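Student: File structure08.txt below, compact mmCIF, C-alpha atoms:
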# COMPACT_ATOMS: atom_id res chain seq x y z
CA MET A 1 51.19 -11.80 -15.50
CA GLN A 2 50.41 -11.87 -11.80
CA TYR A 3 47.47 -10.10 -10.15
CA ARG A 4 46.91 -8.63 -6.72
CA THR A 5 43.98 -7.09 -4.89
CA LEU A 6 43.98 -3.29 -4.94
CA GLY A 7 44.00 -2.55 -1.22
CA ARG A 8 40.68 -3.64 0.27
CA THR A 9 38.60 -2.83 -2.81
CA GLY A 10 38.38 -6.41 -4.12
CA VAL A 11 39.52 -5.19 -7.55
CA GLN A 12 42.21 -7.37 -9.14
CA VAL A 13 45.01 -5.50 -10.89
CA SER A 14 48.14 -6.67 -12.69
CA THR A 15 51.45 -6.32 -10.85
CA LEU A 16 52.67 -4.20 -13.77
CA ALA A 17 50.55 -1.18 -14.70
CA LEU A 18 50.89 0.80 -17.91
CA GLY A 19 51.73 4.40 -17.15
CA ALA A 20 50.88 6.88 -19.90
CA MET A 21 53.03 9.87 -18.91
CA ASN A 22 55.06 9.56 -22.11
CA PHE A 23 52.00 9.56 -24.37
CA GLY A 24 52.05 12.83 -26.29
CA ARG A 25 54.52 15.70 -26.25
CA ILE A 26 56.38 14.66 -23.09
CA GLY A 27 57.69 11.44 -24.60
CA GLY A 28 57.13 12.18 -28.27
CA THR A 29 54.79 9.20 -28.47
CA THR A 30 52.21 9.34 -31.29
CA GLN A 31 48.66 8.02 -31.19
CA ASN A 32 49.69 4.99 -33.26
CA ASP A 33 52.52 4.31 -30.80
CA ALA A 34 50.20 4.68 -27.82
CA THR A 35 47.57 2.37 -29.30
CA ALA A 36 50.22 -0.24 -30.13
CA MET A 37 51.51 -0.12 -26.56
CA VAL A 38 48.02 -0.45 -25.10
CA ASP A 39 47.39 -3.40 -27.42
CA ALA A 40 50.63 -5.11 -26.38
CA ALA A 41 50.04 -4.41 -22.70
CA LEU A 42 46.54 -5.88 -22.74
CA GLU A 43 47.75 -8.91 -24.70
CA ALA A 44 50.42 -9.49 -22.03
CA GLY A 45 47.81 -9.40 -19.28
CA ILE A 46 48.19 -5.84 -18.01
CA ASN A 47 44.72 -4.64 -17.03
CA PHE A 48 45.57 -1.36 -15.30
CA ILE A 49 46.33 1.95 -17.07
CA ASP A 50 47.39 5.10 -15.21
CA THR A 51 47.47 8.62 -16.64
CA ALA A 52 46.94 12.20 -15.42
CA ASP A 53 45.31 15.40 -16.62
CA MET A 54 48.60 17.32 -16.69
CA TYR A 55 50.54 14.82 -18.81
CA SER A 56 51.16 16.83 -21.98
CA ALA A 57 48.32 19.17 -20.93
CA GLY A 58 45.60 16.54 -21.40
CA GLU A 59 47.03 14.93 -24.54
CA SER A 60 47.89 11.71 -22.70
CA GLU A 61 44.29 11.27 -21.54
CA GLU A 62 43.04 11.85 -25.08
CA MET A 63 45.44 9.22 -26.45
CA VAL A 64 44.51 6.71 -23.77
CA GLY A 65 40.82 7.29 -24.50
CA LYS A 66 41.26 6.57 -28.20
CA ALA A 67 43.43 3.52 -27.49
CA ILE A 68 40.92 1.89 -25.14
CA ALA A 69 37.79 2.63 -27.17
CA ASP A 70 35.42 -0.36 -27.32
CA ARG A 71 37.25 -2.23 -24.53
CA ARG A 72 36.72 0.06 -21.55
CA ASP A 73 35.19 -2.66 -19.37
CA ASP A 74 38.35 -4.79 -19.56
CA ILE A 75 40.55 -2.06 -18.06
CA VAL A 76 41.02 -0.60 -14.60
CA LEU A 77 41.42 3.05 -15.59
CA ALA A 78 43.11 5.62 -13.35
CA THR A 79 43.84 9.30 -13.76
CA LYS A 80 44.97 12.14 -11.52
CA ALA A 81 44.31 15.82 -10.84
CA SER A 82 45.51 18.77 -8.72
CA MET A 83 48.65 19.81 -10.62
CA PRO A 84 48.42 23.14 -12.51
CA MET A 85 46.50 23.05 -15.80
CA GLY A 86 47.43 26.43 -17.22
CA ALA A 87 48.09 29.87 -15.79
CA GLU A 88 44.70 30.41 -14.12
CA ARG A 89 45.33 30.21 -10.37
CA ASN A 90 42.22 28.16 -9.60
CA HIS A 91 42.90 25.55 -12.28
CA GLN A 92 44.82 23.40 -9.82
CA GLY A 93 44.67 22.05 -6.29
CA GLY A 94 42.19 19.99 -4.31
CA SER A 95 39.22 22.34 -4.01
CA ARG A 96 35.71 21.16 -4.78
CA ARG A 97 35.46 23.92 -7.38
CA TRP A 98 38.40 22.55 -9.35
CA LEU A 99 37.99 18.79 -8.88
CA VAL A 100 34.35 18.77 -10.02
CA THR A 101 35.28 20.76 -13.13
CA GLU A 102 38.48 18.91 -13.94
CA LEU A 103 37.01 15.44 -13.54
CA ASP A 104 34.46 16.32 -16.22
CA ASN A 105 37.33 17.53 -18.40
CA SER A 106 39.20 14.25 -17.86
CA LEU A 107 36.13 12.15 -18.62
CA ARG A 108 35.63 14.10 -21.84
CA ARG A 109 39.27 13.66 -22.89
CA LEU A 110 39.19 9.95 -22.03
CA GLY A 111 35.84 9.43 -23.75
CA VAL A 112 34.36 7.57 -20.77
CA ASP A 113 31.59 8.15 -18.25
CA HIS A 114 33.64 7.16 -15.20
CA VAL A 115 37.16 6.35 -14.05
CA ASP A 116 37.94 3.50 -11.71
CA LEU A 117 40.52 5.39 -9.66
CA TYR A 118 40.79 9.18 -9.31
CA GLN A 119 43.95 10.32 -7.56
CA ILE A 120 45.06 13.59 -6.01
CA HIS A 121 48.38 14.04 -7.81
CA ARG A 122 50.03 16.00 -4.99
CA TRP A 123 48.90 17.09 -1.56
CA ASP A 124 47.52 20.65 -1.69
CA PRO A 125 48.56 22.54 1.47
CA ASN A 126 46.04 25.30 0.68
CA THR A 127 43.02 23.02 0.85
CA SER A 128 41.70 21.10 3.86
CA ASP A 129 41.42 17.33 3.74
CA GLU A 130 37.71 17.69 4.53
CA GLU A 131 37.14 19.89 1.44
CA THR A 132 38.89 17.48 -0.90
CA LEU A 133 37.46 14.29 0.58
CA ALA A 134 33.91 15.68 0.60
CA ALA A 135 34.19 16.55 -3.10
CA LEU A 136 35.62 13.11 -3.93
CA THR A 137 32.95 11.36 -1.87
CA ASP A 138 30.21 13.20 -3.77
CA LEU A 139 31.82 12.40 -7.12
CA GLN A 140 31.94 8.75 -6.10
CA ARG A 141 28.28 8.78 -5.11
CA ALA A 142 27.47 10.37 -8.46
CA GLY A 143 29.06 7.36 -10.18
CA LYS A 144 31.79 9.36 -11.91
CA ILE A 145 34.58 7.64 -9.99
CA ARG A 146 34.62 4.21 -8.39
CA TYR A 147 37.47 4.82 -5.91
CA PHE A 148 39.89 7.61 -5.08
CA GLY A 149 43.46 7.74 -3.86
CA SER A 150 46.46 9.94 -3.18
CA SER A 151 49.80 10.30 -4.94
CA THR A 152 53.18 11.16 -3.42
CA PHE A 153 51.69 12.11 -0.06
CA PRO A 154 54.07 12.18 2.91
CA ALA A 155 53.20 9.54 5.51
CA TYR A 156 51.82 12.06 8.00
CA ARG A 157 49.44 13.43 5.34
CA ILE A 158 48.19 9.91 4.57
CA VAL A 159 47.39 9.43 8.26
CA GLN A 160 45.77 12.86 8.56
CA ALA A 161 43.54 12.18 5.55
CA GLN A 162 42.42 8.84 6.98
CA TRP A 163 41.45 10.53 10.24
CA ALA A 164 39.71 13.39 8.42
CA ALA A 165 37.58 10.88 6.52
CA ARG A 166 36.67 9.04 9.68
CA GLU A 167 35.89 12.16 11.73
CA ASN A 168 33.74 13.69 8.99
CA HIS A 169 32.01 10.47 7.87
CA LEU A 170 33.52 10.67 4.39
CA ARG A 171 34.97 8.01 2.15
CA PRO A 172 38.77 7.61 2.54
CA TYR A 173 41.60 7.32 0.08
CA VAL A 174 42.05 3.64 -0.79
CA THR A 175 45.38 3.88 -2.63
CA GLU A 176 48.67 5.76 -2.53
CA GLN A 177 51.06 6.25 -5.46
CA PRO A 178 54.62 6.89 -4.20
CA SER A 179 58.01 6.90 -5.89
CA TYR A 180 59.90 3.66 -5.18
CA SER A 181 62.96 1.96 -6.63
CA ILE A 182 66.17 0.30 -5.53
CA LEU A 183 67.79 3.76 -5.53
CA GLN A 184 64.91 5.46 -3.70
CA ARG A 185 63.86 3.30 -0.74
CA GLY A 186 62.73 5.97 1.70
CA ILE A 187 59.08 4.92 1.62
CA GLU A 188 60.06 1.67 3.34
CA SER A 189 60.69 3.61 6.54
CA HIS A 190 57.58 5.77 6.64
CA VAL A 191 54.99 5.46 3.84
CA LEU A 192 54.73 1.68 3.45
CA PRO A 193 54.21 1.00 7.18
CA VAL A 194 51.32 3.47 7.09
CA THR A 195 49.72 2.14 3.91
CA GLU A 196 49.95 -1.40 5.25
CA GLN A 197 48.37 -0.29 8.53
CA TYR A 198 45.40 1.27 6.70
CA GLY A 199 45.12 -1.41 4.02
CA LEU A 200 45.82 0.92 1.09
CA GLY A 201 46.77 -0.32 -2.35
CA VAL A 202 50.21 0.95 -3.37
CA LEU A 203 51.00 1.79 -7.00
CA VAL A 204 54.66 2.73 -7.24
CA TRP A 205 55.99 5.10 -9.88
CA SER A 206 59.50 5.37 -11.32
CA PRO A 207 60.54 1.80 -10.45
CA LEU A 208 63.39 2.19 -12.98
CA ALA A 209 64.52 5.42 -11.27
CA SER A 210 64.01 7.63 -14.33
CA GLY A 211 66.05 5.20 -16.44
CA TRP A 212 68.99 4.75 -14.08
CA LEU A 213 67.99 1.09 -13.65
CA SER A 214 67.08 0.40 -17.28
CA GLY A 215 70.55 -0.88 -18.23
CA ALA A 216 71.12 2.09 -20.54
CA ILE A 217 73.10 4.09 -17.97
CA ARG A 218 76.54 2.78 -17.08
CA ALA A 219 79.83 4.29 -15.96
CA GLY A 220 82.02 5.48 -18.82
CA ARG A 221 79.13 5.89 -21.23
CA GLU A 222 77.53 9.12 -22.34
CA ILE A 223 74.04 9.45 -20.83
CA THR A 224 71.67 10.03 -23.75
CA THR A 225 68.30 8.90 -22.39
CA SER A 226 65.25 11.02 -23.25
CA ARG A 227 64.73 11.87 -19.58
CA SER A 228 68.26 13.29 -19.33
CA THR A 229 67.49 15.85 -22.03
CA PHE A 230 64.84 17.68 -19.98
CA MET A 231 66.05 16.80 -16.47
CA PRO A 232 69.83 17.17 -16.91
CA GLN A 233 70.50 17.91 -13.24
CA ARG A 234 69.38 14.39 -12.33
CA PHE A 235 72.02 12.87 -14.60
CA ASP A 236 74.97 15.23 -14.16
CA THR A 237 77.65 12.98 -12.68
CA THR A 238 79.56 15.95 -11.29
CA ILE A 239 76.79 16.17 -8.67
CA PRO A 240 77.51 13.98 -5.61
CA VAL A 241 74.08 12.30 -5.44
CA ASN A 242 74.37 11.29 -9.09
CA ARG A 243 77.84 9.86 -8.52
CA ALA A 244 76.34 7.82 -5.67
CA LYS A 245 73.62 6.55 -8.00
CA MET A 246 76.18 5.60 -10.63
CA ALA A 247 78.28 3.71 -8.08
CA ALA A 248 75.19 1.80 -6.95
CA VAL A 249 74.17 1.04 -10.55
CA GLU A 250 77.57 -0.50 -11.28
CA GLN A 251 77.30 -2.78 -8.25
CA LEU A 252 73.70 -3.68 -9.08
CA ALA A 253 74.73 -4.58 -12.64
CA ASP A 254 77.14 -7.13 -11.20
CA VAL A 255 74.34 -8.59 -9.05
CA ALA A 256 72.05 -8.83 -12.08
CA ASP A 257 74.74 -10.49 -14.20
CA GLU A 258 75.49 -13.08 -11.53
CA ALA A 259 71.77 -13.88 -11.21
CA GLY A 260 71.25 -14.09 -14.99
CA LEU A 261 68.88 -11.14 -14.96
CA THR A 262 68.57 -7.90 -16.90
CA MET A 263 68.71 -4.67 -14.93
CA ILE A 264 65.01 -4.16 -15.67
CA GLN A 265 64.17 -7.58 -14.23
CA LEU A 266 66.21 -6.78 -11.15
CA ALA A 267 64.54 -3.38 -10.69
CA LEU A 268 60.95 -4.48 -11.24
CA GLY A 269 61.42 -7.74 -9.36
CA PHE A 270 62.68 -5.75 -6.40
CA VAL A 271 59.74 -3.34 -6.06
CA THR A 272 57.08 -6.00 -6.63
CA ALA A 273 58.72 -8.25 -4.01
CA HIS A 274 57.69 -5.90 -1.20
CA PRO A 275 54.48 -7.19 0.45
CA GLY A 276 53.15 -3.63 0.73
CA VAL A 277 53.32 -2.98 -3.03
CA THR A 278 50.37 -3.78 -5.29
CA SER A 279 51.65 -2.76 -8.72
CA ALA A 280 54.65 -1.12 -10.36
CA ILE A 281 53.79 1.55 -12.92
CA ILE A 282 55.98 1.28 -16.01
CA GLY A 283 56.17 4.32 -18.31
CA PRO A 284 57.49 3.15 -21.69
CA ARG A 285 58.16 5.64 -24.46
CA THR A 286 58.38 3.03 -27.23
CA ILE A 287 57.01 -0.45 -27.91
CA GLU A 288 60.54 -1.81 -27.48
CA HIS A 289 60.71 -0.30 -23.98
CA LEU A 290 57.36 -1.85 -23.15
CA ARG A 291 58.36 -5.32 -24.31
CA SER A 292 61.58 -5.25 -22.29
CA GLN A 293 59.61 -4.33 -19.19
CA ILE A 294 56.81 -6.84 -19.74
CA ALA A 295 59.55 -9.50 -19.90
CA ALA A 296 60.13 -8.82 -16.20
CA ALA A 297 56.51 -9.41 -15.21
CA ASN A 298 57.06 -12.77 -13.54
CA THR A 299 60.53 -12.13 -12.13
CA VAL A 300 60.92 -13.43 -8.57
CA LEU A 301 64.18 -12.48 -6.88
CA SER A 302 65.89 -14.97 -4.57
CA GLU A 303 66.72 -14.14 -0.97
CA ASP A 304 70.40 -13.97 -1.92
CA VAL A 305 69.72 -11.36 -4.60
CA LEU A 306 67.53 -9.30 -2.28
CA ASP A 307 70.23 -9.46 0.40
CA ALA A 308 72.81 -8.28 -2.14
CA ILE A 309 70.60 -5.31 -3.05
CA ASP A 310 70.23 -4.43 0.64
CA ALA A 311 74.00 -4.37 0.96
CA ILE A 312 74.29 -1.85 -1.89
CA VAL A 313 71.40 0.46 -0.97
CA ALA A 314 70.27 0.00 2.61
CA PRO A 315 66.55 -0.44 3.41
CA GLY A 316 64.76 2.87 3.91
CA VAL A 317 67.49 4.96 2.24
CA ASP A 318 66.96 7.46 -0.59
CA LEU A 319 70.12 8.10 -2.57
CA ALA A 320 68.56 11.33 -3.91
CA PRO A 321 66.03 12.55 -1.30
CA ALA A 322 65.32 15.82 -3.12
CA GLU A 323 63.86 13.90 -6.07
CA LYS A 324 60.99 12.38 -4.10
CA ASN A 325 58.51 15.28 -4.52
CA ASP A 326 57.05 14.69 -1.06
CA THR A 327 59.21 17.15 0.89
CA PRO A 328 57.24 19.14 3.51
CA PRO A 329 56.73 22.72 2.24
CA ALA A 330 58.60 24.25 5.19
CA LEU A 331 61.80 22.56 4.04
CA LEU A 332 61.50 24.18 0.62
CA HIS A 333 60.41 27.69 1.62
CA ALA A 334 62.33 29.48 4.36
CA ALA A 335 59.40 31.77 5.25
CA LEU A 336 57.39 28.76 6.43
CA ARG A 337 59.97 27.80 9.06
CA ARG A 338 60.65 31.30 10.45
CA ARG A 339 58.52 33.50 12.65
CA PRO A 340 57.74 36.95 11.21
CA SER A 341 60.31 39.56 12.14
CA LEU A 342 59.35 41.83 15.02
CA GLY A 343 61.88 44.47 14.03
CA HIS A 344 59.15 46.86 12.89
CA LEU A 345 57.87 47.03 16.49
CA GLY A 346 61.08 48.55 17.78
CA ARG A 347 63.52 47.21 20.30
Output the file's structure as structure tokens, nothing else.
Tutor:
Amino acid sequence: MQYRTLGRTGVQVSTLALGAMNFGRIGGTTQNDATAMVDAALEAGINFIDTADMYSAGESEEMVGKAIADRRDDIVLATKASMPMGAERNHQGGSRRWLVTELDNSLRRLGVDHVDLYQIHRWDPNTSDEETLAALTDLQRAGKIRYFGSSTFPAYRIVQAQWAARENHLRPYVTEQPSYSILQRGIESHVLPVTEQYGLGVLVWSPLASGWLSGAIRAGREITTSRSTFMPQRFDTTIPVNRAKMAAVEQLADVADEAGLTMIQLALGFVTAHPGVTSAIIGPRTIEHLRSQIAAANTVLSEDVLDAIDAIVAPGVDLAPAEKNDTPPALLHAALRRRPSLGHLGR
């Protein structure tokens, strides 16, 4: 296992991080499964575990907490907040009211007195950067979190938050967690230049592109991955973007074969090759998935292989832009890009 410094914090983290999204109902992973995966990950040298409050409505955090009991000090522990936790309208977002409450909930579920990294899961357009950063700064000073970061923030929001911290004498985000894979390279053109400029650690999620780069999805085969059962639109090959992904996967499989690599080695070796990336978050559902991904931990791709990947999916290109979850709100809601009608005032 290789290790890198998490931004400018001085904390050393493994280049593969164990993501716990599949722990619990989402992935059907039991406590015994989760504990076995944590055991195997730690034995392989992974020292970083990432979860979130909303993964299976808190069940993932509870499973992680039980799995790491009695070895908390050996682990860099990260969780996230801001996504809805139930129907109550204030049980979400980046307000001080919610973050102070929900961090205590996460600490209780995890069975710890602090987390090393607390991340805002998505940018909250209803809350000012100053409000969120002030709350996080106070939680840091209280010793409940060591550092805090953002997740899936557009580049302009990362910049705005850095300036808000500076202008208001608050602590800044020190990490960003974006989606990044061979099939989704958009962050190379906007997010990674910004994170490198500000010295942020970068923890990329979905490096296997929701299973497209796992080797299990190939042309002519029925797609039966667990992710395809609850996100069918992302795997329906009658949709043009999915046909483009399949065409790229077939070409990438040839590149992997010629290099003597598995598709997983190709995919993880690609994202960890970027100098702006600190760690790739793997999200195994079974111990077999975990072992196949750990086997790629020390993969170093040659220049020829990286050039071949660039020829298949160009740098900075997302094959499925709508799947990035960082689209500005005005592109999703027509009312935000149109002035109110003046028709009621007469002509």
Student: With distances taken over only C-alpha atoms, which of A:Ile68, A:Leu301, A:Ala81, A:Ile182 is nearest to Gly260 (chain A)?
Tutor: A:Leu301
Student: Ranking A:Glu130, A:Pro315, A:Thr224, A:Ser151 by minimum distance to Glu167 (chain A) and counting all atoms listed in the file, which one comes first?
Tutor: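 Once distances to Glu167 (chain A) are computed over all atoms listed in the file, the minimum belongs to A:Glu130.
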Student: Taking the point (56.9, 17.3, 1.0) as given in the file, collect each protein or nucleic acid residue that comes within 12 Å of it, counting only C-alpha atoms, and present the set as a list in words.
Tutor: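 Those residues lying close to the given coordinates are Arg122, Trp123, Asp124, Pro125, Ser151, Thr152, Phe153, Pro154, Ala155, Tyr156, Arg157, Ile158, Pro178, Pro321, Ala322, Glu323, Lys324, Asn325, Asp326, Thr327, Pro328, Pro329, Ala330, Leu331, Leu332 and His333 of chain A.
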Student: With a distance cut-off of 12 Å and only C-alpha atoms, select the neighbouring residues of Met85 (chain A), excluding the residue or stretch itself and same-chain residues fewer than 5 positions from it, and output the selection as an MDAnalysis selection string.
Tutor: chainID A and resid 52:59 80 90:93 98:99 101:102 105:106
Student: So which one's closest to Gly269 (chain A), A:Ala256, A:Leu290, A:Val202, A:Leu103? Using only C-alpha atoms, please.
Tutor: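 Under the stated criterion, the closest residue is A:Ala256.
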Student: Find the residues around Arg291 (chain A) up to 10 Å (all atoms listed in the file counted), leave out those fewer than 4 positions away in its own chain, and share them as a list in words.
Tutor: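 Result of the neighbour search: Met37, Ala40, Ala41, Ala44, Pro284, Thr286, Ile287, Ala295 and Ala296 of chain A.
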Student: When you count all atoms listed in the file, which of these residues is closest to Pro193 (chain A): A:Ile282, A:Met83, A:Gly276, A:Arg337?
Tutor: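 The closest residue to Pro193 (chain A) is A:Gly276.
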Student: Can you work out the spacing between CA of Ser181 (chain A) and CA of Pro207 (chain A) in Å, to one decimal?
Tutor: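 Pair CA of Ser181 (chain A) / CA of Pro207 (chain A) returns 4.5 Å.
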Student: Find the residue from A:Leu192, A:Val249, A:Leu203, A:Leu117 that sits nearest to Thr278 (chain A); use all atoms listed in the file when measuring.
Tutor: A:Leu203
Student: Write out as a list in words each polymer residue whose atoms come within 10 Å of Leu208 (chain A), counting all atoms listed in the file; drop sequence neighbours fewer than 6 positions from it.
Tutor: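 Close residues of Leu208 (chain A): Tyr180, Ser181, Ile182, Leu183, Gln184, Ser214, Gly215, Met263, Ile264, Gln265, Leu266, Ala267, Leu268, Val271, Ala280, Ile281, Ile282, Gly283 and Gln293 of chain A.
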Student: Just write the chosen residues, C-alpha atoms, as a short mmCIF file (atom, residue, chain, number, x, y, z; two decimals), in the coordinates of the input.
Tutor:
data_model
loop_
_atom_site.label_atom_id
_atom_site.label_comp_id
_atom_site.auth_asym_id
_atom_site.auth_seq_id
_atom_site.Cartn_x
_atom_site.Cartn_y
_atom_site.Cartn_z
CA TYR A 180 59.90 3.66 -5.18
CA SER A 181 62.96 1.96 -6.63
CA ILE A 182 66.17 0.30 -5.53
CA LEU A 183 67.79 3.76 -5.53
CA GLN A 184 64.91 5.46 -3.70
CA SER A 214 67.08 0.40 -17.28
CA GLY A 215 70.55 -0.88 -18.23
CA MET A 263 68.71 -4.67 -14.93
CA ILE A 264 65.01 -4.16 -15.67
CA GLN A 265 64.17 -7.58 -14.23
CA LEU A 266 66.21 -6.78 -11.15
CA ALA A 267 64.54 -3.38 -10.69
CA LEU A 268 60.95 -4.48 -11.24
CA VAL A 271 59.74 -3.34 -6.06
CA ALA A 280 54.65 -1.12 -10.36
CA ILE A 281 53.79 1.55 -12.92
CA ILE A 282 55.98 1.28 -16.01
CA GLY A 283 56.17 4.32 -18.31
CA GLN A 293 59.61 -4.33 -19.19
#
Student: Can you work out the spacing between CA of Thr35 (chain A) and CA of Tyr118 (chain A) in Å, to one decimal?
Tutor: 22.2 Å
Student: Neighbouring residues of Asp33 (chain A) were defined as those with any atom within 10 Å, considering only C-alpha atoms; residues of the same chain fewer than 6 positions away were excluded. Please report them as a PDB file with C-alpha atoms, in the coordinates of the input.
Tutor:
ATOM      1  CA  PHE A  23      52.000   9.560 -24.370  1.00  0.00           C
ATOM      2  CA  GLY A  24      52.050  12.830 -26.290  1.00  0.00           C
ATOM      3  CA  ASP A  39      47.390  -3.400 -27.420  1.00  0.00           C
ATOM      4  CA  MET A  63      45.440   9.220 -26.450  1.00  0.00           C
ATOM      5  CA  ALA A  67      43.430   3.520 -27.490  1.00  0.00           C
ATOM      6  CA  ARG A 285      58.160   5.640 -24.460  1.00  0.00           C
ATOM      7  CA  THR A 286      58.380   3.030 -27.230  1.00  0.00           C
ATOM      8  CA  ILE A 287      57.010  -0.450 -27.910  1.00  0.00           C
TER       9      ILE A 287
END
Student: Point out the residue among A:Ile120, A:Leu306, A:Ala17, A:Ala253 with the least atom-to-atom distance to Ser82 (chain A), counting only C-alpha atoms.
Tutor: A:Ile120
Student: Provide the CA of Ser60 (chain A) to CA of Thr225 (chain A) distance in Å, to one decimal place.
Tutor: 20.6 Å
Student: Do you know which residues are at most 7 Å from Val13 (chain A) counting all atoms listed in the file, after dropping those on the same chain fewer than 6 positions away, and could you put them as a ChimeraX atom specification?
Tutor: /A:3-6,47-48
Student: For region 103-106 of chain A, take all atoms listed in the file, fit an axis-aligned box around them, add 6 Å to each of the six sides, then output centre and edge lengths in Å rounded to one decimal, as lines of an AutoDock Vina configuration file.
Tutor:
center_x = 36.8
center_y = 15.9
center_z = -16.0
size_x = 16.7
size_y = 15.3
size_z = 16.9
Student: Within 9 Å of (73.4, 1.1, -5.2), in the coordinates the file gives, what residues turn up when you count only C-alpha atoms, written out as JSON, numbers by chain?
Tutor: {"A": [182, 183, 244, 245, 246, 247, 248, 249, 250, 251, 252, 309, 310, 311, 312, 313, 314, 319]}
